[in-house]
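Participant: Just so it is clear, I am handing over upload-v4.cif, which has mmCIF, C-alpha atoms.
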```
data_start
loop_
_atom_site.label_atom_id
_atom_site.label_comp_id
_atom_site.auth_asym_id
_atom_site.auth_seq_id
_atom_site.Cartn_x
_atom_site.Cartn_y
_atom_site.Cartn_z
CA MET V 275 0.00 0.00 0.00
CA SER V 276 3.05 2.27 0.37
CA GLN V 277 2.85 3.33 -3.28
CA PHE V 278 -0.60 4.81 -2.63
CA GLU V 279 -0.04 6.22 0.87
CA GLU V 280 0.22 9.83 -0.28
CA VAL V 281 -2.89 9.45 -2.44
CA LEU V 282 -4.88 7.95 0.42
CA ALA V 283 -3.73 10.65 2.84
CA GLU V 284 -4.69 13.43 0.43
CA THR V 285 -8.09 11.84 -0.23
CA ILE V 286 -8.84 11.60 3.50
CA LYS V 287 -7.83 15.22 3.95
CA ILE V 288 -10.20 16.44 1.24
CA MET V 289 -13.13 14.23 2.28
CA CYS V 290 -12.98 15.35 5.89
CA THR V 291 -12.58 19.07 5.35
CA PRO V 292 -14.53 20.83 8.16
CA GLY V 293 -17.74 22.47 6.98
CA ARG V 294 -18.24 20.18 4.01
CA GLY V 295 -20.01 16.86 3.59
CA ILE V 296 -20.33 13.93 1.22
CA LEU V 297 -23.15 13.77 -1.31
CA ALA V 298 -24.68 10.33 -1.87
CA ALA V 299 -25.49 10.49 -5.60
CA ASP V 300 -25.26 6.75 -6.21
CA GLU V 301 -28.85 6.14 -7.32
CA SER V 302 -29.23 2.92 -9.27
CA VAL V 303 -30.92 2.95 -12.67
CA GLY V 304 -34.14 1.74 -11.04
CA THR V 305 -34.09 4.28 -8.21
CA ILE V 306 -33.44 7.28 -10.41
CA GLY V 307 -36.16 6.01 -12.75
CA LYS V 308 -38.72 6.34 -9.95
CA ARG V 309 -37.67 9.96 -9.44
CA PHE V 310 -37.85 10.69 -13.15
CA ASP V 311 -41.37 9.24 -13.23
CA LEU V 312 -42.50 11.95 -10.81
CA ILE V 313 -41.55 14.64 -13.32
CA ASP V 314 -42.49 12.68 -16.47
CA VAL V 315 -38.90 12.23 -17.67
CA GLU V 316 -37.99 9.07 -19.57
CA ASN V 317 -35.39 6.94 -17.79
CA THR V 318 -32.76 6.75 -20.55
CA GLU V 319 -28.98 6.77 -20.19
CA GLU V 320 -28.78 10.17 -21.91
CA ASN V 321 -31.34 11.73 -19.57
CA ARG V 322 -29.48 10.32 -16.57
CA ARG V 323 -26.24 11.73 -17.95
CA CYS V 324 -27.78 15.18 -18.52
CA TYR V 325 -29.22 15.26 -15.01
CA ARG V 326 -25.84 14.44 -13.47
CA ASP V 327 -24.08 16.86 -15.79
CA TYR V 328 -26.27 19.71 -14.50
CA LEU V 329 -25.69 18.61 -10.90
CA PHE V 330 -21.92 18.22 -10.97
CA SER V 331 -21.37 21.32 -13.12
CA THR V 332 -23.25 23.61 -10.73
CA PRO V 333 -21.18 26.72 -9.88
CA ASN V 334 -19.48 26.45 -6.47
CA PHE V 335 -20.43 22.76 -6.33
CA GLY V 336 -17.44 21.98 -4.12
CA LYS V 337 -17.96 24.81 -1.63
CA TYR V 338 -19.96 22.63 0.75
CA ILE V 339 -19.36 19.19 -0.78
CA SER V 340 -16.08 17.35 -0.19
CA GLY V 341 -16.94 14.09 -1.92
CA VAL V 342 -19.53 12.46 -4.16
CA ILE V 343 -20.51 8.78 -4.11
CA LEU V 344 -21.22 7.64 -7.67
CA TYR V 345 -23.05 4.65 -9.10
CA GLU V 346 -20.85 2.66 -11.50
CA GLU V 347 -22.63 4.00 -14.59
CA GLN V 348 -21.80 7.57 -13.55
CA VAL V 349 -18.07 6.87 -13.13
CA PHE V 350 -17.63 6.51 -16.88
CA GLN V 351 -20.14 9.11 -18.06
CA LYS V 352 -19.02 12.51 -19.34
CA THR V 353 -20.20 16.08 -19.35
CA SER V 354 -21.45 17.69 -22.56
CA GLU V 355 -17.86 18.95 -23.03
CA GLY V 356 -16.50 15.40 -22.88
CA VAL V 357 -15.05 15.51 -19.35
CA LEU V 358 -15.48 12.44 -17.13
CA PHE V 359 -17.68 13.12 -14.10
CA PRO V 360 -14.92 12.21 -11.59
CA GLU V 361 -12.71 14.84 -13.22
CA ILE V 362 -15.37 17.58 -13.16
CA ILE V 363 -15.92 16.78 -9.48
CA ARG V 364 -12.16 17.02 -8.86
CA GLN V 365 -12.07 20.40 -10.60
CA SER V 366 -14.70 21.65 -8.16
CA GLY V 367 -12.41 20.84 -5.24
CA ALA V 368 -14.20 17.66 -4.18
CA VAL V 369 -13.29 14.02 -4.73
CA ALA V 370 -15.29 11.31 -6.51
CA GLY V 371 -16.04 7.93 -4.99
CA TRP V 372 -17.79 4.77 -6.07
CA LYS V 373 -20.43 2.44 -4.65
CA SER V 374 -18.40 -0.76 -4.84
CA ASP V 375 -20.87 -3.27 -3.39
CA THR V 376 -23.31 -4.93 -5.79
CA GLY V 377 -26.23 -5.28 -3.42
CA LEU V 378 -27.59 -7.61 -0.77
CA ARG V 379 -28.76 -11.18 -1.07
CA PRO V 380 -30.61 -13.32 1.49
CA LEU V 381 -28.58 -15.51 3.81
CA GLU V 382 -30.21 -18.85 3.20
CA GLY V 383 -31.81 -20.42 6.25
CA TYR V 384 -31.82 -17.22 8.30
CA ASP V 385 -34.85 -14.96 8.71
CA LYS V 386 -34.27 -11.57 7.03
CA ASP V 387 -30.49 -11.85 7.33
CA THR V 388 -28.55 -10.69 4.28
CA VAL V 389 -24.98 -10.73 3.03
CA THR V 390 -23.37 -8.08 0.86
CA GLN V 391 -22.07 -8.97 -2.58
CA GLY V 392 -19.25 -7.29 -4.48
CA LEU V 393 -15.97 -9.04 -3.74
CA ASP V 394 -15.85 -10.80 -7.12
CA ASN V 395 -13.24 -9.09 -9.33
CA LEU V 396 -13.17 -6.18 -6.87
CA ALA V 397 -9.45 -5.51 -7.36
CA VAL V 398 -9.87 -5.20 -11.13
CA ARG V 399 -12.94 -2.98 -10.72
CA CYS V 400 -11.05 -0.76 -8.26
CA GLN V 401 -8.22 -0.34 -10.75
CA LYS V 402 -10.66 0.73 -13.47
CA VAL V 403 -12.42 3.35 -11.36
CA PHE V 404 -9.10 4.64 -10.02
CA LYS V 405 -7.95 5.27 -13.59
CA ALA V 406 -11.25 7.08 -14.22
CA GLY V 407 -10.55 9.42 -11.29
CA CYS V 408 -12.31 7.89 -8.28
CA ARG V 409 -10.44 7.97 -4.98
CA PHE V 410 -12.75 6.25 -2.50
CA THR V 411 -15.30 3.45 -2.25
CA LYS V 412 -18.49 2.92 -0.26
CA PHE V 413 -19.50 -0.62 0.71
CA ARG V 414 -22.72 -1.23 2.68
CA SER V 415 -23.86 -4.14 4.83
CA ALA V 416 -27.33 -4.23 6.41
CA PHE V 417 -28.61 -5.87 9.59
CA HIS V 418 -32.30 -6.29 10.49
CA ILE V 419 -33.32 -6.51 14.14
CA ASN V 420 -35.95 -8.93 15.42
CA THR V 421 -36.08 -11.93 17.77
CA LYS V 422 -34.08 -14.07 15.32
CA CYS V 423 -31.69 -11.66 13.68
CA PRO V 424 -29.11 -10.60 13.14
CA SER V 425 -27.56 -14.03 13.55
CA SER V 426 -23.97 -14.59 14.60
CA LEU V 427 -23.25 -15.89 11.11
CA SER V 428 -24.63 -12.74 9.50
CA VAL V 429 -22.58 -10.44 11.73
CA SER V 430 -19.32 -12.38 11.33
CA TRP V 431 -19.75 -12.94 7.59
CA ASN V 432 -20.58 -9.33 6.78
CA ALA V 433 -17.76 -8.09 9.01
CA MET V 434 -15.32 -10.29 7.12
CA VAL V 435 -16.63 -9.05 3.76
CA GLN V 436 -16.32 -5.44 4.93
CA ALA V 437 -12.73 -5.99 6.02
CA ARG V 438 -11.82 -7.77 2.81
CA GLN V 439 -13.23 -5.05 0.57
CA ALA V 440 -11.53 -2.35 2.65
CA LYS V 441 -8.15 -4.02 2.27
CA ILE V 442 -8.61 -4.49 -1.48
CA ALA V 443 -9.65 -0.85 -1.86
CA GLN V 444 -6.60 0.44 0.00
CA GLU V 445 -4.26 -1.80 -1.97
CA ASN V 446 -5.58 -0.13 -5.11
CA GLY V 447 -5.37 3.49 -3.94
CA LEU V 448 -8.96 3.97 -2.76
CA VAL V 449 -10.11 5.08 0.69
CA PRO V 450 -12.84 2.67 1.86
CA ILE V 451 -16.00 3.90 3.54
CA VAL V 452 -17.04 0.99 5.75
CA GLU V 453 -20.81 1.04 6.29
CA PRO V 454 -22.20 -1.66 8.61
CA GLU V 455 -25.78 -0.37 8.90
CA VAL V 456 -28.11 -1.69 11.58
CA LEU V 457 -31.63 -0.99 10.27
CA VAL V 458 -33.01 0.71 13.36
CA SER V 459 -35.65 2.60 11.36
CA THR V 460 -37.85 -0.51 11.47
CA ILE V 461 -38.09 -0.31 15.28
CA GLU V 462 -41.36 1.16 16.51
CA ASP V 463 -41.27 0.53 20.26
CA PRO V 464 -38.97 2.96 22.11
CA GLN V 465 -38.34 0.18 24.63
CA ASP V 466 -36.44 -1.68 21.89
CA MET V 467 -33.87 1.09 21.60
CA GLU V 468 -31.56 -0.82 23.91
CA ASP V 469 -31.62 -3.72 21.45
CA ALA V 470 -30.56 -1.34 18.69
CA TYR V 471 -27.75 -0.06 20.88
CA ARG V 472 -26.62 -3.59 21.76
CA VAL V 473 -26.68 -4.84 18.15
CA THR V 474 -24.90 -1.75 16.84
CA LYS V 475 -22.14 -2.22 19.43
CA TRP V 476 -21.88 -5.93 18.52
CA VAL V 477 -21.66 -5.22 14.79
CA LEU V 478 -19.01 -2.50 15.22
CA THR V 479 -16.92 -4.66 17.54
CA GLU V 480 -16.89 -7.59 15.12
CA THR V 481 -16.25 -5.32 12.15
CA PHE V 482 -13.16 -3.83 13.75
CA ARG V 483 -11.95 -7.25 14.83
CA GLN V 484 -12.04 -8.32 11.18
CA LEU V 485 -10.45 -5.06 9.99
CA ASN V 486 -7.58 -5.77 12.35
CA LEU V 487 -7.23 -9.38 11.14
CA HIS V 488 -7.10 -8.18 7.54
CA LYS V 489 -4.52 -5.52 8.43
CA VAL V 490 -6.61 -2.62 7.14
CA ASP V 491 -4.85 0.69 7.80
CA LEU V 492 -7.37 2.58 9.93
CA ARG V 493 -5.67 5.89 9.17
CA TYR V 494 -6.94 5.61 5.61
CA MET V 495 -10.53 4.44 6.04
CA ILE V 496 -13.78 6.08 7.13
CA LEU V 497 -16.46 4.52 9.32
CA LYS V 498 -20.08 5.24 8.39
CA PRO V 499 -22.20 3.97 11.30
CA ASN V 500 -25.96 4.07 11.65
CA MET V 501 -27.80 6.34 14.04
CA ILE V 502 -30.01 4.89 16.78
CA TYR V 503 -33.65 5.96 16.81
CA THR V 504 -37.15 4.49 16.53
CA LYS V 505 -39.42 4.68 13.51
CA LYS V 506 -41.64 7.15 15.33
CA SER V 507 -38.83 9.45 16.48
CA SER V 508 -39.05 13.10 15.46
CA PRO V 509 -35.92 14.70 13.96
CA ARG V 510 -35.26 16.51 17.26
CA LYS V 511 -35.53 13.27 19.23
CA LYS V 512 -33.25 11.52 16.73
CA ILE V 513 -30.57 14.14 17.26
CA ARG V 514 -30.95 13.95 21.04
CA PHE V 515 -30.69 10.17 21.04
CA ASN V 516 -27.75 10.34 18.67
CA CYS V 517 -25.82 12.35 21.23
CA ARG V 518 -26.72 10.02 24.09
CA LYS V 519 -26.24 6.65 22.38
CA ASP V 520 -24.45 6.89 19.04
CA LEU V 521 -21.48 9.00 20.04
CA PRO V 522 -20.44 6.78 22.99
CA ILE V 523 -20.52 3.76 20.65
CA ILE V 524 -18.42 5.56 18.06
CA HIS V 525 -15.85 6.73 20.59
CA ARG V 526 -15.55 3.53 22.63
CA ASN V 527 -15.55 0.81 19.96
CA PRO V 528 -13.22 1.90 17.13
CA PRO V 529 -9.47 1.81 17.85
CA ASN V 530 -7.62 5.07 18.40
CA LYS V 531 -6.10 5.01 14.92
CA LEU V 532 -9.52 5.59 13.37
CA THR V 533 -9.84 9.37 13.22
CA ARG V 534 -12.68 9.82 10.72
CA TYR V 535 -16.34 8.86 10.70
CA LEU V 536 -19.46 9.92 8.83
CA LEU V 537 -23.06 10.01 10.00
CA LEU V 538 -25.91 9.37 7.58
CA ILE V 539 -28.77 11.73 8.35
CA ARG V 540 -32.09 10.75 6.73
CA TRP V 541 -33.97 14.03 7.13
CA PRO V 542 -35.09 16.22 5.54
CA ARG V 543 -33.20 14.65 2.64
CA ARG V 544 -30.69 11.83 2.45
CA THR V 545 -27.49 13.70 3.22
CA LEU V 546 -24.15 12.49 4.48
CA PHE V 547 -22.61 14.72 7.13
CA ASN V 548 -18.97 14.80 8.02
CA ASN V 549 -17.69 14.72 11.58
CA GLN V 550 -14.47 14.00 13.42
CA PRO V 551 -14.06 12.54 16.91
#
```
Written as structure tokens, how would this file's structure read?
Facilitator:
Amino acid sequence: MSQFEEVLAETIKIMCTPGRGILAADESVGTIGKRFDLIDVENTEENRRCYRDYLFSTPNFGKYISGVILYEEQVFQKTSEGVLFPEIIRQSGAVAGWKSDTGLRPLEGYDKDTVTQGLDNLAVRCQKVFKAGCRFTKFRSAFHINTKCPSSLSVSWNAMVQARQAKIAQENGLVPIVEPEVLVSTIEDPQDMEDAYRVTKWVLTETFRQLNLHKVDLRYMILKPNMIYTKKSSPRKKIRFNCRKDLPIIHRNPPNKLTRYLLLIRWPRRTLFNNQP
């Protein structure tokens, strides 16, 4: 990884600039199609390209945005002037990243448990997006909470996959965003908040155990943990509970070498905010 150490350090520095955040613009073809339907726009590749061209070419785009997570299609699309989107993002002062996982699939025999896909040919895919101008990846795992899940197998398997992808990303010059998301938004009973806290702590502990086993350099990765709140929580209550529950988990579980984390805030729009412990 030594050949990429300067690149990784510079990427981390840009992504975590105080006062700026990361834009999640990694809508899949299907997701962006649903949004286009609302405004009667046909979901074609050219329309998707034009939409992203307008977005990334906005004046002062990088003033408050330090990074942009792209869907794979976007990585290789160009502006109307023929400039790759990662390059136009770089010119704005931000850095382009890439959603490297390829989705979730059910873990057979386990209720609602899933495993994240995306390790196949990941090194080759990382090399391609690096050449196109991307400098970080985002890889998401998801954990449901009920009386049967997450299972020990789900937690250990997904933690291993997260660690493996992070190591591969770093070896190819990309800063990995590690996102082990506990789906607390499905919880309705406030009394179950302690379960969300317990599972989140369990998932983070196992994830960092695997990151250590895979010798991932924590100086050059970013943790993206979930917040803890119930489905019925108001935005104000979510923020209050975040301070009381999420921050202690973040500070106590990750090793000292981890100096960067991101919080995904789901209101009023899906926005990724940047913070530092």
Participant: Taking into account only C-alpha atoms, which residue in the set V:Gln365, V:Asn321, V:Gln444, V:Gln348 is nearest to Ala397 (chain V)?
Facilitator: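 Closest to Ala397 (chain V) of all the choices is V:Gln444.
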Participant: For Glu284 (chain V), which residue among V:Pro454, V:Gly377, V:Gly447, V:Gly356 is the nearest when counting only C-alpha atoms?
Facilitator: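 Of V:Pro454, V:Gly377, V:Gly447, V:Gly356, the one nearest Glu284 (chain V), counting only C-alpha atoms, is V:Gly447.
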Participant: Under the rule that all atoms listed in the file are counted, which of V:Cys423, V:Leu358, V:Val349, V:Cys290 is the nearest residue to Tyr384 (chain V)?
Facilitator: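 Comparing V:Cys423, V:Leu358, V:Val349, V:Cys290 against Tyr384 (chain V), the winner is V:Cys423.
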Participant: With distances taken over all atoms listed in the file, which residue among V:Lys498, V:Lys337, V:Arg309, V:Arg326 lies nearest Thr291 (chain V)?
Facilitator: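 Checking each of V:Lys498, V:Lys337, V:Arg309, V:Arg326 against Thr291 (chain V), counting all atoms listed in the file, the winner is V:Lys337.
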Participant: Using only C-alpha atoms, determine which residues lie at most 12 Å from His488 (chain V), disregarding the query and same-chain residues fewer than 3 positions distant; provide the list as a compact mmCIF listing (two decimals) with C-alpha atoms, in the coordinates of the input.
Facilitator:
```txt
# COMPACT_ATOMS: atom_id res chain seq x y z
CA ALA V 433 -17.76 -8.09 9.01
CA MET V 434 -15.32 -10.29 7.12
CA VAL V 435 -16.63 -9.05 3.76
CA GLN V 436 -16.32 -5.44 4.93
CA ALA V 437 -12.73 -5.99 6.02
CA ARG V 438 -11.82 -7.77 2.81
CA GLN V 439 -13.23 -5.05 0.57
CA ALA V 440 -11.53 -2.35 2.65
CA LYS V 441 -8.15 -4.02 2.27
CA ILE V 442 -8.61 -4.49 -1.48
CA GLN V 444 -6.60 0.44 0.00
CA GLU V 445 -4.26 -1.80 -1.97
CA THR V 481 -16.25 -5.32 12.15
CA PHE V 482 -13.16 -3.83 13.75
CA ARG V 483 -11.95 -7.25 14.83
CA GLN V 484 -12.04 -8.32 11.18
CA LEU V 485 -10.45 -5.06 9.99
CA ASP V 491 -4.85 0.69 7.80
CA LEU V 492 -7.37 2.58 9.93
```
Participant: Identify the residues around (-18.2, 9.8, -2.4) within a radius of 12 Å, measuring from only C-alpha atoms in the coordinates stated by the file, and give them as a PyMOL selection string.
Facilitator: chain V and resi 285-286+288-290+295-300+339-346+348-349+360+363-364+368-374+407-413+448-451+496+498+536+545-548
Participant: Spell out the residues picked by the PyMOL selection byres ((chain V and resi 387) around 7) here, as a PyMOL selection string.
Facilitator: chain V and resi 380-381+384-386+388+417-418+423-424+428
Participant: Mind dumping the selected residues with C-alpha atoms as an mmCIF file, in the frame of the given file?
Facilitator:
```cif
data_model
loop_
_atom_site.group_PDB
_atom_site.id
_atom_site.type_symbol
_atom_site.label_atom_id
_atom_site.label_comp_id
_atom_site.auth_asym_id
_atom_site.auth_seq_id
_atom_site.Cartn_x
_atom_site.Cartn_y
_atom_site.Cartn_z
ATOM 1 C CA PRO V 380 -30.610 -13.320 1.490
ATOM 2 C CA LEU V 381 -28.580 -15.510 3.810
ATOM 3 C CA TYR V 384 -31.820 -17.220 8.300
ATOM 4 C CA ASP V 385 -34.850 -14.960 8.710
ATOM 5 C CA LYS V 386 -34.270 -11.570 7.030
ATOM 6 C CA THR V 388 -28.550 -10.690 4.280
ATOM 7 C CA PHE V 417 -28.610 -5.870 9.590
ATOM 8 C CA HIS V 418 -32.300 -6.290 10.490
ATOM 9 C CA CYS V 423 -31.690 -11.660 13.680
ATOM 10 C CA PRO V 424 -29.110 -10.600 13.140
ATOM 11 C CA SER V 428 -24.630 -12.740 9.500
#
```
Participant: Considering all atoms listed in the file, return as an NGL selection string whatever protein or nucleic-acid residues lie within 8 Å of Asn432 (chain V), sequence-local ones (same chain, fewer than 6 positions apart) excluded.
Facilitator: :V and (389-390 or 415 or 481)
Participant: Those selected residues, please, written with C-alpha atoms and delivered as a PDB file, keeping the file's coordinate frame.
Facilitator:
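So selection_15.pdb came out as:
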```
ATOM      1  CA  VAL V 389     -24.980 -10.730   3.030  1.00  0.00           C
ATOM      2  CA  THR V 390     -23.370  -8.080   0.860  1.00  0.00           C
ATOM      3  CA  SER V 415     -23.860  -4.140   4.830  1.00  0.00           C
ATOM      4  CA  THR V 481     -16.250  -5.320  12.150  1.00  0.00           C
TER       5      THR V 481
END
```
Participant: Which residue, V:Tyr494, V:Phe359, V:Trp476, V:Trp431, has the smallest gap to Cys324 (chain V) when you use all atoms listed in the file?
Facilitator: V:Phe359
Participant: Which protein, DNA or RNA residues are at most 9 Å from (-25.6, 17.2, -24.3) in the file's coordinates when you count all atoms listed in the file, listed as a PyMOL selection string?
Facilitator: chain V and resi 320+323-324+327+353-355
Participant: Just give me the gap between CA of Gln351 (chain V) and CA of Arg322 (chain V) in Å, one decimal is fine.
Facilitator: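 So the answer is 9.5 Å.
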Participant: For CA of Lys352 (chain V) and CA of Leu312 (chain V), quote the distance in Å rounded to one decimal.
Facilitator: 25.0 Å
Participant: Pick out the closest residue to Lys287 (chain V) from this set: V:Met501, V:Ala470, V:Met495, V:Leu329. Count all atoms listed in the file.
Facilitator: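 For Lys287 (chain V), the nearest of the candidates is V:Met495.
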Participant: Please report the interatomic distance between CA of Met467 (chain V) and CA of Thr479 (chain V) in Å with one decimal.
Facilitator: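 According to the coordinates, CA of Met467 (chain V) and CA of Thr479 (chain V) are separated by 18.4 Å.
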Participant: Write out as a ChimeraX atom specification the residues lying within 9 Å of Ser366 (chain V), counting all atoms listed in the file and excluding same-chain residues fewer than 5 positions away.
Facilitator: /V:330-331,333-337,361
Participant: Give me, as a list in words, all polymer residues having an atom no more than 10 Å from Val456 (chain V), counting all atoms listed in the file and skipping those fewer than 3 positions away in the same chain.
Facilitator: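 Residues meeting the cut-off are Ser415, Ala416, Phe417, His418, Ile419, Pro424, Glu453, Ser459, Thr460, Ala470, Tyr471, Val473, Thr474, Lys475, Val477, Leu478, Pro499, Asn500, Met501 and Ile502 of chain V.
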Participant: Write out as a PyMOL selection string the residues lying within 10 Å of Asn317 (chain V), counting only C-alpha atoms and excluding same-chain residues fewer than 2 positions away.
Facilitator: chain V and resi 303-304+306-311+314-315+319-322
